[in-house]
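Enquirer: Take a look at this one; I'll ask things after.
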Amino acid sequence: MVDVNLYSKKKRVCRLRNALIILLLIVVLVVGARFLASQAFEFRLRQISRLKGFLFDNTGTYLTGNLRQDIQTIRDKKQEYINSKNRLSMQVRDLRTHVQRKSLEMNVFRTLNTFLNDENAVKTILTRVNFENGKGNAFYYLIYDGNKVSFPTPSSTPVLLSTPNVRGNLEFADLYTLQIIDLEVGDKQ
């Protein structure tokens with residue numbers, strides 16, 4: 001006769017069943033945790049898409065849900081905007097330099113204009129204007145009534161350093177006096 005221990009067989013079946021249940025619980029927990037984590041990330045992605053949707057729409061950036069691809073897309077867009085910012089900064093700097101150069105030119109011509117508008121002269125006749133590298137030169141005639149000739153002074157203070165050189169006075173018919181002036185405007189370097 002064979003001695004069979006039913007209790008140990010039952011015990012083995014019970015242990016096997018418990019192990020299968022525990023294994024099934026672990027699998028369910030892992031799958032459930034993965035599902036919950038993916039749902040949480042998807043919810044956060046939808047939330048970011050809604051919050052940043054305006055920015056993404058205006059920049060032409062679209063999130064796909066693939067994290068690596070989305071990160072690379074955003075990095076590429078960021079680099080593109082940094083390059084664009086740098087290019088625009090250089091253009092602004094060039095424009096500022098151009099505006100400063102043009103404002104210097106305008107100051108030269110404003111100073112020339114203030115000298116040409118001599119309030120004591122009856123008439124001003126401009127014959128030559130030269131401008132080069134921030135320096136201007138004008139050659140003009142002033143016609144005065146009678147002998148009321150004055151050294152050419154502008155009615156307002158000129159902006160730039162200027163040196164008017166009177167080349168000569170010419171009286172004619174005791175009615176008018178003609179004064180010839182060579183005016184230099186700008187920095188003397």
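Chains: A, B, ... in order of the structure tokens. Residues: from 1 per chain. Ligands: from 1, in order shown.
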How would you write, as a PyMOL selection string, the set of residues in segment 25-164 of chain A that DSSP gives as helix (DSSP H, G or I)?
Expert: chain A and resi 25-59+67-116
Enquirer: What lies within 6 Å of Leu142 of chain A using only C-alpha atoms, ignoring chain neighbours under 3 positions off, as number ranges by chain?
Expert: A: 121, 123-124, 178-179
Enquirer: I need the residues from that last selection saved to file as a PDB file, in the first residue's frame (with N, CA and C atoms), if you can.
Expert:
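The result, stored in out-v2.pdb:
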```
ATOM      1  N   ALA A 121      19.989 139.977 -44.077  1.00  0.00           N
ATOM      2  CA  ALA A 121      20.186 140.016 -45.528  1.00  0.00           C
ATOM      3  C   ALA A 121      18.849 140.162 -46.243  1.00  0.00           C
ATOM      4  N   LYS A 123      18.575 139.137 -49.455  1.00  0.00           N
ATOM      5  CA  LYS A 123      18.465 137.933 -50.273  1.00  0.00           C
ATOM      6  C   LYS A 123      19.698 137.063 -50.038  1.00  0.00           C
ATOM      7  N   THR A 124      19.492 135.750 -50.134  1.00  0.00           N
ATOM      8  CA  THR A 124      20.582 134.788 -50.043  1.00  0.00           C
ATOM      9  C   THR A 124      20.610 133.993 -51.343  1.00  0.00           C
ATOM     10  N   LEU A 178      27.042 143.246 -51.564  1.00  0.00           N
ATOM     11  CA  LEU A 178      27.099 141.798 -51.789  1.00  0.00           C
ATOM     12  C   LEU A 178      28.249 141.229 -50.954  1.00  0.00           C
ATOM     13  N   GLN A 179      27.953 140.231 -50.176  1.00  0.00           N
ATOM     14  CA  GLN A 179      28.973 139.582 -49.360  1.00  0.00           C
ATOM     15  C   GLN A 179      29.115 138.135 -49.825  1.00  0.00           C
TER      16      GLN A 179
END
```
Enquirer: Extract, using only C-alpha atoms, all DNA, RNA and protein residues at most 8 Å from Asp174 of chain A, discarding same-chain residues fewer than 3 positions from it, and format them as a VMD selection string.
Expert: chain A and resid 146 to 147 171 177
Enquirer: What's the 9 Å shell around Leu112 of chain A, counting only C-alpha atoms, without same-chain residues fewer than 3 positions away, as number ranges by chain?
Expert: A: 107-109, 115-117, 136-138, 158, 162, 183-185
